[in-house]
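The file query22.pdb comes next; it holds PDB, C-alpha atoms and all ligand atoms.
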ATOM      1  CA  MET F   1       6.755  -1.746  21.383
ATOM      2  CA  SER F   2       8.548  -5.041  21.809
ATOM      3  CA  ALA F   3       7.678  -8.375  20.295
ATOM      4  CA  ASP F   4       6.227  -9.416  23.646
ATOM      5  CA  HIS F   5       3.285  -7.066  23.090
ATOM      6  CA  PHE F   6       2.013  -9.329  20.328
ATOM      7  CA  PRO F   7       0.179 -12.555  21.028
ATOM      8  CA  ARG F   8       2.310 -15.504  20.062
ATOM      9  CA  GLN F   9       1.151 -17.656  17.166
ATOM     10  CA  SER F  10      -0.688 -20.576  18.718
ATOM     11  CA  PRO F  11       1.033 -23.918  18.159
ATOM     12  CA  GLU F  12      -0.490 -25.995  15.370
ATOM     13  CA  PRO F  13      -2.871 -28.553  17.022
ATOM     14  CA  SER F  14      -2.195 -32.224  16.417
ATOM     15  CA  ASP F  15      -4.342 -34.070  13.865
ATOM     16  CA  ASP F  16      -6.173 -36.016  16.559
ATOM     17  CA  ALA F  17      -7.261 -32.856  18.435
ATOM     18  CA  PRO F  18     -11.084 -32.979  18.716
ATOM     19  CA  ASP F  19     -11.811 -29.238  18.319
ATOM     20  CA  ARG F  20      -9.344 -28.074  15.746
ATOM     21  CA  PRO F  21      -9.615 -24.222  15.587
ATOM     22  CA  ARG F  22     -10.374 -22.786  12.156
ATOM     23  CA  THR F  23      -7.389 -21.022  10.578
ATOM     24  CA  LEU F  24      -7.794 -18.586   7.705
ATOM     25  CA  ILE F  25      -6.191 -19.544   4.421
ATOM     26  CA  GLY F  26      -2.942 -17.630   4.126
ATOM     27  CA  ASP F  27      -2.448 -17.542   7.878
ATOM     28  CA  ARG F  28      -0.965 -21.015   8.120
ATOM     29  CA  ARG F  29       2.533 -21.499   9.494
ATOM     30  CA  ASP F  30       5.210 -19.727   7.444
ATOM     31  CA  LEU F  31       3.395 -19.768   4.101
ATOM     32  CA  PHE F  32       2.680 -16.051   4.061
ATOM     33  CA  LEU F  33       6.149 -15.138   5.359
ATOM     34  CA  ASN F  34       7.794 -17.298   2.692
ATOM     35  CA  ARG F  35       5.562 -15.825   0.008
ATOM     36  CA  VAL F  36       6.307 -12.210   0.942
ATOM     37  CA  GLU F  37      10.041 -12.882   1.251
ATOM     38  CA  GLY F  38      10.060 -14.731  -2.056
ATOM     39  CA  GLU F  39       8.088 -12.082  -3.956
ATOM     40  CA  THR F  40       9.849  -9.013  -2.535
ATOM     41  CA  GLY F  41      13.328 -10.304  -1.762
ATOM     42  CA  ALA F  42      13.019  -8.595   1.647
ATOM     43  CA  ASN F  43      14.670 -10.383   4.551
ATOM     44  CA  VAL F  44      11.643 -10.144   6.856
ATOM     45  CA  SER F  45      12.944 -12.947   9.095
ATOM     46  CA  ALA F  46      15.934 -10.779  10.089
ATOM     47  CA  CYS F  47      13.790  -8.231  11.934
ATOM     48  CA  TYR F  48      14.320  -8.187  15.723
ATOM     49  CA  GLN F  49      11.727  -5.498  16.514
ATOM     50  CA  CYS F  50      14.045  -2.613  17.383
ATOM     51  CA  GLU F  51      11.380  -0.135  16.125
ATOM     52  CA  ARG F  52      13.840   2.147  14.320
ATOM     53  CA  CYS F  53      11.669   1.918  11.204
ATOM     54  CA  THR F  54       8.640   3.202  13.083
ATOM     55  CA  ASN F  55      10.624   5.993  14.733
ATOM     56  CA  ALA F  56      11.883   7.105  11.314
ATOM     57  CA  CYS F  57       8.470   7.046   9.645
ATOM     58  CA  PRO F  58       6.956  10.536   9.172
ATOM     59  CA  VAL F  59       3.368   9.264   9.153
ATOM     60  CA  SER F  60       3.471   6.411  11.690
ATOM     61  CA  TYR F  61       1.172   8.452  13.933
ATOM     62  CA  TYR F  62      -1.648   7.884  11.415
ATOM     63  CA  MET F  63      -1.006   4.142  11.037
ATOM     64  CA  ASP F  64      -3.056   1.530  12.853
ATOM     65  CA  VAL F  65      -0.289  -1.062  12.379
ATOM     66  CA  LYS F  66       3.117   0.591  12.795
ATOM     67  CA  PRO F  67       5.931  -0.322  10.360
ATOM     68  CA  HIS F  68       7.744  -2.631  12.848
ATOM     69  CA  GLN F  69       4.397  -4.290  13.582
ATOM     70  CA  VAL F  70       3.806  -4.804   9.856
ATOM     71  CA  ILE F  71       7.013  -6.809   9.704
ATOM     72  CA  ARG F  72       6.038  -8.788  12.806
ATOM     73  CA  HIS F  73       2.592  -9.494  11.338
ATOM     74  CA  VAL F  74       4.228 -10.873   8.194
ATOM     75  CA  GLN F  75       6.476 -13.088  10.335
ATOM     76  CA  LEU F  76       3.367 -14.409  12.093
ATOM     77  CA  GLY F  77       1.448 -14.852   8.820
ATOM     78  CA  TRP F  78      -1.362 -12.439   9.680
ATOM     79  CA  ARG F  79      -2.334 -11.707   6.093
ATOM     80  CA  GLU F  80      -5.948 -10.623   6.602
ATOM     81  CA  ARG F  81      -5.056  -8.132   9.341
ATOM     82  CA  LEU F  82      -2.393  -6.563   7.135
ATOM     83  CA  LEU F  83      -4.493  -6.312   3.993
ATOM     84  CA  GLY F  84      -7.321  -4.786   6.017
ATOM     85  CA  ALA F  85      -5.085  -2.235   7.760
ATOM     86  CA  ALA F  86      -5.076   1.518   7.091
ATOM     87  CA  THR F  87      -1.256   1.485   7.133
ATOM     88  CA  ILE F  88      -0.822   0.088   3.626
ATOM     89  CA  TRP F  89      -2.778   3.047   2.185
ATOM     90  CA  VAL F  90      -1.314   5.706   4.516
ATOM     91  CA  CYS F  91       2.323   4.825   3.684
ATOM     92  CA  LEU F  92       4.048   7.432   1.482
ATOM     93  CA  SER F  93       6.682   5.031   0.095
ATOM     94  CA  CYS F  94       9.351   7.495   1.248
ATOM     95  CA  GLU F  95      11.718   4.628   2.229
ATOM     96  CA  MET F  96      12.823   6.228   5.523
ATOM     97  CA  CYS F  97      11.982   2.986   7.349
ATOM     98  CA  SER F  98      14.161   0.872   5.057
ATOM     99  CA  THR F  99      17.012   3.405   5.248
ATOM    100  CA  TYR F 100      17.141   3.350   9.044
ATOM    101  CA  CYS F 101      16.745  -0.415   9.523
ATOM    102  CA  PRO F 102      19.973  -1.846  10.988
ATOM    103  CA  ASN F 103      19.211  -5.220   9.397
ATOM    104  CA  GLU F 104      18.461  -3.850   5.920
ATOM    105  CA  VAL F 105      14.890  -5.125   5.991
ATOM    106  CA  ALA F 106      13.124  -3.557   2.987
ATOM    107  CA  VAL F 107      10.126  -2.384   5.014
ATOM    108  CA  ALA F 108       8.796   0.049   2.376
ATOM    109  CA  LYS F 109       9.003  -2.617  -0.310
ATOM    110  CA  VAL F 110       7.027  -5.019   1.880
ATOM    111  CA  ILE F 111       4.317  -2.411   2.508
ATOM    112  CA  ASN F 112       4.122  -1.600  -1.197
ATOM    113  CA  HIS F 113       3.761  -5.315  -1.938
ATOM    114  CA  LEU F 114       0.997  -5.654   0.661
ATOM    115  CA  ARG F 115      -0.805  -2.730  -0.985
ATOM    116  CA  ASN F 116      -0.710  -4.530  -4.326
ATOM    117  CA  LEU F 117      -1.939  -7.751  -2.703
ATOM    118  CA  ALA F 118      -4.806  -5.824  -1.095
ATOM    119  CA  TYR F 119      -5.624  -4.189  -4.417
ATOM    120  CA  HIS F 120      -6.206  -7.626  -5.954
ATOM    121  CA  SER F 121      -7.934  -9.120  -2.909
ATOM    122  CA  SER F 122     -11.575  -9.067  -1.846
ATOM    123  CA  ILE F 123     -10.716  -7.398   1.467
ATOM    124  CA  PRO F 124     -12.345  -3.914   1.553
ATOM    125  CA  PRO F 125      -9.769  -1.129   2.022
ATOM    126  CA  LYS F 126      -9.882   0.577   5.398
ATOM    127  CA  GLU F 127      -8.963   3.928   3.816
ATOM    128  CA  ARG F 128     -11.244   3.906   0.771
ATOM    129  CA  LEU F 129     -10.367   7.404  -0.476
ATOM    130  CA  LEU F 130      -6.652   6.648  -0.438
ATOM    131  CA  ALA F 131      -7.196   3.246  -2.049
ATOM    132  CA  VAL F 132      -9.272   4.765  -4.883
ATOM    133  CA  PHE F 133      -6.643   7.483  -5.351
ATOM    134  CA  HIS F 134      -3.924   4.835  -5.584
ATOM    135  CA  GLN F 135      -5.972   2.898  -8.142
ATOM    136  CA  THR F 136      -6.670   6.047 -10.194
ATOM    137  CA  PHE F 137      -2.985   7.044 -10.111
ATOM    138  CA  LEU F 138      -1.959   3.654 -11.527
ATOM    139  CA  GLN F 139      -4.637   3.829 -14.232
ATOM    140  CA  GLU F 140      -3.493   7.297 -15.338
ATOM    141  CA  LEU F 141       0.156   6.241 -15.288
ATOM    142  CA  GLN F 142      -0.685   3.306 -17.524
ATOM    143  CA  ARG F 143      -2.402   5.548 -20.088
ATOM    144  CA  TYR F 144       0.410   8.031 -20.729
ATOM    145  CA  GLY F 145       3.427   6.703 -18.856
ATOM    146  CA  ARG F 146       3.367   9.807 -16.661
ATOM    147  CA  VAL F 147       0.705  11.508 -14.585
ATOM    148  CA  ASN F 148      -0.948  14.814 -15.471
ATOM    149  CA  GLU F 149      -2.181  16.298 -12.169
ATOM    150  CA  LEU F 150      -5.255  17.918 -13.728
ATOM    151  CA  TRP F 151      -6.387  14.703 -15.399
ATOM    152  CA  LEU F 152      -5.566  12.676 -12.310
ATOM    153  CA  MET F 153      -7.742  14.806 -10.037
ATOM    154  CA  SER F 154     -10.502  14.929 -12.634
ATOM    155  CA  ALA F 155     -10.498  11.105 -12.967
ATOM    156  CA  PHE F 156     -10.327  10.722  -9.186
ATOM    157  CA  ASN F 157     -13.267  13.064  -8.569
ATOM    158  CA  ARG F 158     -15.375  11.144 -11.098
ATOM    159  CA  LYS F 159     -15.021   7.852  -9.178
ATOM    160  CA  PRO F 160     -18.189   6.809  -7.332
ATOM    161  CA  GLY F 161     -18.674   8.525  -3.978
ATOM    162  CA  ILE F 162     -15.480  10.606  -4.061
ATOM    163  CA  LEU F 163     -16.974  14.082  -4.536
ATOM    164  CA  ARG F 164     -19.640  13.353  -1.928
ATOM    165  CA  ALA F 165     -16.959  12.213   0.536
ATOM    166  CA  LYS F 166     -14.958  15.406  -0.069
ATOM    167  CA  VAL F 167     -18.018  17.612   0.429
ATOM    168  CA  LYS F 168     -18.811  15.747   3.628
ATOM    169  CA  ALA F 169     -15.237  16.149   4.894
ATOM    170  CA  GLY F 170     -15.224  19.854   3.884
ATOM    171  CA  THR F 171     -12.026  19.529   1.819
ATOM    172  CA  LEU F 172     -13.396  20.292  -1.654
ATOM    173  CA  LYS F 173     -13.149  24.084  -1.367
ATOM    174  CA  ASP F 174      -9.509  23.974  -0.207
ATOM    175  CA  GLU F 175      -8.705  21.593  -3.033
ATOM    176  CA  LEU F 176     -10.249  23.908  -5.636
ATOM    177  CA  LEU F 177      -8.357  26.906  -4.230
ATOM    178  CA  LEU F 178      -5.102  24.942  -4.344
ATOM    179  CA  GLY F 179      -5.817  23.908  -7.950
ATOM    180  CA  LEU F 180      -6.460  27.557  -8.861
ATOM    181  CA  ALA F 181      -3.204  28.672  -7.251
ATOM    182  CA  LEU F 182      -1.253  25.990  -9.140
ATOM    183  CA  TRP F 183      -2.985  26.956 -12.397
ATOM    184  CA  ARG F 184      -1.993  30.626 -11.964
ATOM    185  CA  LYS F 185       1.625  29.573 -11.439
ATOM    186  CA  GLY F 186       1.544  27.522 -14.644
ATOM    187  CA  LYS F 187       2.023  24.222 -12.797
ATOM    188  CA  LEU F 188      -1.008  22.504 -14.351
ATOM    189  CA  HIS F 189      -1.223  21.472 -17.996
ATOM    190  CA  LEU F 190      -4.444  20.955 -19.939
ATOM    191  CA  VAL F 191      -3.121  18.259 -22.246
ATOM    192  CA  PRO F 192      -1.223  15.243 -20.853
ATOM    193  CA  ARG F 193       2.161  14.483 -22.351
ATOM    194  CA  ARG F 194       2.980  10.913 -23.269
ATOM    195  CA  SER F 195       6.189   9.397 -21.892
ATOM    196  CA  LYS F 196       8.724   8.061 -24.413
ATOM    197  CA  ALA F 197       8.898   4.914 -22.265
ATOM    198  CA  ILE F 198       5.166   4.245 -22.519
ATOM    199  CA  GLU F 199       5.587   0.803 -24.149
ATOM    200  CA  GLU F 200       8.016  -0.366 -21.439
ATOM    201  CA  ILE F 201       5.648   0.898 -18.740
ATOM    202  CA  LYS F 202       2.711  -0.914 -20.327
ATOM    203  CA  ALA F 203       4.807  -4.090 -20.451
ATOM    204  CA  VAL F 204       5.465  -3.765 -16.686
ATOM    205  CA  TYR F 205       1.700  -3.561 -16.104
ATOM    206  CA  ARG F 206       1.102  -6.621 -18.309
ATOM    207  CA  ARG F 207       3.731  -8.614 -16.406
ATOM    208  CA  GLN F 208       2.171  -7.499 -13.114
ATOM    209  CA  ARG F 209      -1.172  -8.909 -14.301
ATOM    210  CA  GLY F 210       0.537 -12.180 -15.224
ATOM    211  CA  GLU F 211       0.061 -11.668 -18.994
ATOM    212  CA  VAL F 212       2.617 -13.072 -21.409
ATOM    213  CA  ASP F 213       4.271 -10.592 -23.814
TER     214      ASP F 213
HETATM  215  S1  LIG F 301      14.149  -1.204  11.889
HETATM  216 FE1  LIG F 301      14.411  -3.194  10.888
HETATM  217  S2  LIG F 301      14.979  -4.612  12.525
HETATM  218 FE2  LIG F 301      14.134  -2.768  13.499
HETATM  219  S3  LIG F 301      11.944  -3.217  13.773
HETATM  220 FE3  LIG F 301      12.137  -2.164  11.812
HETATM  221  S4  LIG F 301      12.357  -3.792  10.291
HETATM  222 FE4  LIG F 301      12.756  -4.692  12.296
HETATM  223  S1  LIG F 302       7.935   4.155   3.344
HETATM  224 FE1  LIG F 302       5.957   4.215   4.416
HETATM  225  S2  LIG F 302       6.310   3.091   6.323
HETATM  226 FE2  LIG F 302       8.306   3.610   5.479
HETATM  227  S3  LIG F 302       8.879   5.529   6.478
HETATM  228 FE3  LIG F 302       7.889   6.071   4.534
HETATM  229  S4  LIG F 302       5.741   6.352   5.029
HETATM  230 FE4  LIG F 302       6.659   5.261   6.761
END
Take the structure in the file and write it out as structure tokens.
Amino acid sequence: MSADHFPRQSPEPSDDAPDRPRTLIGDRRDLFLNRVEGETGANVSACYQCERCTNACPVSYYMDVKPHQVIRHVQLGWRERLLGAATIWVCLSCEMCSTYCPNEVAVAKVINHLRNLAYHSSIPPKERLLAVFHQTFLQELQRYGRVNELWLMSAFNRKPGILRAKVKAGTLKDELLLGLALWRKGKLHLVPRRSKAIEEIKAVYRRQRGEVD
């Protein structure tokens, strides 16, 4: 899809315009673009919508906003649309998009950043199960510095509404069978092991929250 498929950002009305349209905070001019570029170091402005990132993405079929569209949305400052999109939770962070970009736009880094922004925003996640899983993964990582699969799934299943959602979707039985198969192969461990780098990892979390060491 080319850039022409997207509606152009409407020109800012002059101050004396009688019916000034309401613009959402964060969607004004280049503020959002500058913020994302500044916080990620990604050269979002360099994108010329060639779509190679989307063609390289293994899960773009499941995304409501394709990777090249994500970059275009950032250029246009469409923050709310991005933080409310399924894409930021569907992305696997595999970096294929960034690898294939001819302009070295760090697409995966931008999507990861948007996911963190959404996590701290009041915008409800479009893919709640994935968003809760992401949150649980980060909480478990913070506890031990590495993730124990058994504890992760146990913590995830204890979050409100998760088990009910799995029963409704009919995935619980398959999940239990998979867990059993992994257990028999010795791939699951009862007791989590603490990473030697746990203090450094905790410091990263504190910095992310804006706390001073
Ligand atoms: S591959 Fe790079 S230049 Fe092409 S659309 Fe994606 S981000 Fe833009
Ligand atoms: S990092 Fe995300 S957007 Fe990029 S190719 Fe992988 S899954 Fe697709």
Worksheet item: With distances taken over only C-alpha atoms and all ligand atoms, which of F:Gly38, F:Gly84, F:Leu31, F:Cys97 is nearest to ligand LIG 302 (chain F)?
Response: F:Cys97
Worksheet item: For Ser93 (chain F), which residue among F:Val107, F:Ala131, F:Ser195, F:Val70 is the nearest when counting all atoms listed in the file?
Response: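 Of all the options, F:Val107 lies closest to Ser93 (chain F).
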Check which residues of chain F sit at most 8 Å from ligand LIG 302 (chain F) using all atoms listed in the file, and return one row each with the closest pair of atoms and their distance in Å to one decimal, ordered by chain and rising number, as CSV.
residue,atom,partner,partner_atom,distance
F:Cys53,CA,F:LIG302,S3,6.6
F:Thr54,CA,F:LIG302,FE4,6.9
F:Ala56,CA,F:LIG302,S3,5.9
F:Cys57,CA,F:LIG302,S3,3.5
F:Pro58,CA,F:LIG302,FE4,5.8
F:Val59,CA,F:LIG302,S4,5.6
F:Ser60,CA,F:LIG302,FE4,6.0
F:Lys66,CA,F:LIG302,S2,7.6
F:Pro67,CA,F:LIG302,S2,5.3
F:Thr87,CA,F:LIG302,S2,7.8
F:Ile88,CA,F:LIG302,FE1,8.0
F:Val90,CA,F:LIG302,S4,7.1
F:Cys91,CA,F:LIG302,FE1,3.8
F:Leu92,CA,F:LIG302,S4,4.1
F:Ser93,CA,F:LIG302,S1,3.6
F:Cys94,CA,F:LIG302,FE3,3.9
F:Glu95,CA,F:LIG302,S1,4.0
F:Met96,CA,F:LIG302,S3,4.1
F:Cys97,CA,F:LIG302,S3,4.1
F:Ser98,CA,F:LIG302,FE2,6.5
F:Val107,CA,F:LIG302,FE2,6.3
F:Ala108,CA,F:LIG302,S1,4.3
F:Lys109,CA,F:LIG302,S1,7.8
F:Ile111,CA,F:LIG302,S2,7.0
Per residue of chain F within 9 Å of ligand LIG 301 (chain F), note the shortest atom pair and the distance in Å to one decimal, counting only C-alpha atoms and all ligand atoms, and order the rows by chain and increasing residue number, as JSON lines.
{"residue": "F:Ser2", "atom": "CA", "partner": "F:LIG301", "partner_atom": "S3", "distance": 8.9}
{"residue": "F:Val44", "atom": "CA", "partner": "F:LIG301", "partner_atom": "S4", "distance": 7.3}
{"residue": "F:Ser45", "atom": "CA", "partner": "F:LIG301", "partner_atom": "FE4", "distance": 8.9}
{"residue": "F:Ala46", "atom": "CA", "partner": "F:LIG301", "partner_atom": "S2", "distance": 6.7}
{"residue": "F:Cys47", "atom": "CA", "partner": "F:LIG301", "partner_atom": "FE4", "distance": 3.7}
{"residue": "F:Tyr48", "atom": "CA", "partner": "F:LIG301", "partner_atom": "S2", "distance": 4.8}
{"residue": "F:Gln49", "atom": "CA", "partner": "F:LIG301", "partner_atom": "S3", "distance": 3.6}
{"residue": "F:Cys50", "atom": "CA", "partner": "F:LIG301", "partner_atom": "FE2", "distance": 3.9}
{"residue": "F:Glu51", "atom": "CA", "partner": "F:LIG301", "partner_atom": "S3", "distance": 3.9}
{"residue": "F:Arg52", "atom": "CA", "partner": "F:LIG301", "partner_atom": "S1", "distance": 4.2}
{"residue": "F:Cys53", "atom": "CA", "partner": "F:LIG301", "partner_atom": "S1", "distance": 4.0}
{"residue": "F:Thr54", "atom": "CA", "partner": "F:LIG301", "partner_atom": "FE3", "distance": 6.5}
{"residue": "F:Asn55", "atom": "CA", "partner": "F:LIG301", "partner_atom": "S1", "distance": 8.5}
{"residue": "F:Ala56", "atom": "CA", "partner": "F:LIG301", "partner_atom": "S1", "distance": 8.6}
{"residue": "F:Pro67", "atom": "CA", "partner": "F:LIG301", "partner_atom": "FE3", "distance": 6.6}
{"residue": "F:His68", "atom": "CA", "partner": "F:LIG301", "partner_atom": "S3", "distance": 4.3}
{"residue": "F:Gln69", "atom": "CA", "partner": "F:LIG301", "partner_atom": "S3", "distance": 7.6}
{"residue": "F:Val70", "atom": "CA", "partner": "F:LIG301", "partner_atom": "S4", "distance": 8.6}
{"residue": "F:Ile71", "atom": "CA", "partner": "F:LIG301", "partner_atom": "S4", "distance": 6.2}
{"residue": "F:Arg72", "atom": "CA", "partner": "F:LIG301", "partner_atom": "FE4", "distance": 7.9}
{"residue": "F:Cys97", "atom": "CA", "partner": "F:LIG301", "partner_atom": "S1", "distance": 6.5}
{"residue": "F:Ser98", "atom": "CA", "partner": "F:LIG301", "partner_atom": "FE1", "distance": 7.1}
{"residue": "F:Thr99", "atom": "CA", "partner": "F:LIG301", "partner_atom": "S1", "distance": 8.6}
{"residue": "F:Tyr100", "atom": "CA", "partner": "F:LIG301", "partner_atom": "S1", "distance": 6.1}
{"residue": "F:Cys101", "atom": "CA", "partner": "F:LIG301", "partner_atom": "S1", "distance": 3.6}
{"residue": "F:Pro102", "atom": "CA", "partner": "F:LIG301", "partner_atom": "FE1", "distance": 5.7}
{"residue": "F:Asn103", "atom": "CA", "partner": "F:LIG301", "partner_atom": "S2", "distance": 5.3}
{"residue": "F:Glu104", "atom": "CA", "partner": "F:LIG301", "partner_atom": "FE1", "distance": 6.4}
{"residue": "F:Val105", "atom": "CA", "partner": "F:LIG301", "partner_atom": "S4", "distance": 5.2}
{"residue": "F:Ala106", "atom": "CA", "partner": "F:LIG301", "partner_atom": "S4", "distance": 7.3}
{"residue": "F:Val107", "atom": "CA", "partner": "F:LIG301", "partner_atom": "S4", "distance": 5.9}
Evaluating the PyMOL selection byres (((chain F and resi 151) around 9) and not hetatm) on the displayed file yields which residues, as a PDB file with C-alpha atoms, in the frame of the given file?
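In the end it all went to selection-v4.pdb:
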ATOM      1  CA  GLU F 140      -3.493   7.297 -15.338  1.00  0.00           C
ATOM      2  CA  VAL F 147       0.705  11.508 -14.585  1.00  0.00           C
ATOM      3  CA  ASN F 148      -0.948  14.814 -15.471  1.00  0.00           C
ATOM      4  CA  GLU F 149      -2.181  16.298 -12.169  1.00  0.00           C
ATOM      5  CA  LEU F 150      -5.255  17.918 -13.728  1.00  0.00           C
ATOM      6  CA  LEU F 152      -5.566  12.676 -12.310  1.00  0.00           C
ATOM      7  CA  MET F 153      -7.742  14.806 -10.037  1.00  0.00           C
ATOM      8  CA  SER F 154     -10.502  14.929 -12.634  1.00  0.00           C
ATOM      9  CA  ALA F 155     -10.498  11.105 -12.967  1.00  0.00           C
ATOM     10  CA  PHE F 156     -10.327  10.722  -9.186  1.00  0.00           C
ATOM     11  CA  HIS F 189      -1.223  21.472 -17.996  1.00  0.00           C
ATOM     12  CA  LEU F 190      -4.444  20.955 -19.939  1.00  0.00           C
ATOM     13  CA  VAL F 191      -3.121  18.259 -22.246  1.00  0.00           C
ATOM     14  CA  PRO F 192      -1.223  15.243 -20.853  1.00  0.00           C
TER      15      PRO F 192
END
Worksheet entry | Atom pair CA of Lys196 (chain F) / CA of Phe137 (chain F): separation (Å) |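 We find that CA of Lys196 (chain F) and CA of Phe137 (chain F) lie 18.5 Å from each other.
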Worksheet item: What does the PyMOL selection byres (((chain F and resi 75-82) around 6) and not hetatm) select in this file, as a ChimeraX atom specification?
Response: /F:27,32-33,72-74,83-85
Item to complete: Counting all atoms listed in the file, figure out which residue out of F:Gly179, F:Gly186, F:Gly170, F:Gly145 gets nearest to Glu199 (chain F).
Response: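 Of F:Gly179, F:Gly186, F:Gly170, F:Gly145, the one nearest Glu199 (chain F) is F:Gly145, counting all atoms listed in the file.
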Practice prompt. Tell me which protein, DNA and RNA residues are within 12 Å of Leu178 (chain F), counting all atoms listed in the file, leaving out same-chain ones fewer than 5 positions away, and put them as number ranges by chain.
Written response: F: 150, 153, 171-173, 183-185, 187-188
Pull C-alpha atoms from the residues just selected and write them as a short mmCIF file (atom, residue, chain, number, x, y, z; two decimals), in the frame of the given file.
data_model
loop_
_atom_site.label_atom_id
_atom_site.label_comp_id
_atom_site.auth_asym_id
_atom_site.auth_seq_id
_atom_site.Cartn_x
_atom_site.Cartn_y
_atom_site.Cartn_z
CA LEU F 150 -5.26 17.92 -13.73
CA MET F 153 -7.74 14.81 -10.04
CA THR F 171 -12.03 19.53 1.82
CA LEU F 172 -13.40 20.29 -1.65
CA LYS F 173 -13.15 24.08 -1.37
CA TRP F 183 -2.98 26.96 -12.40
CA ARG F 184 -1.99 30.63 -11.96
CA LYS F 185 1.62 29.57 -11.44
CA LYS F 187 2.02 24.22 -12.80
CA LEU F 188 -1.01 22.50 -14.35
#
Worksheet item: How many Å lie between CA of Gln135 (chain F) and CA of Trp89 (chain F), rounded to one decimal?
Response: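 That distance, rounded to one decimal, is 10.8 Å.
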To box region 43-50 of chain F, take all atoms listed in the file, fit an axis-aligned box, add 3 Å on each side, and give centre and edge lengths in Å to one decimal, as lines of an AutoDock Vina configuration file.
center_x = 13.8
center_y = -7.8
center_z = 11.0
size_x = 10.3
size_y = 16.3
size_z = 18.8
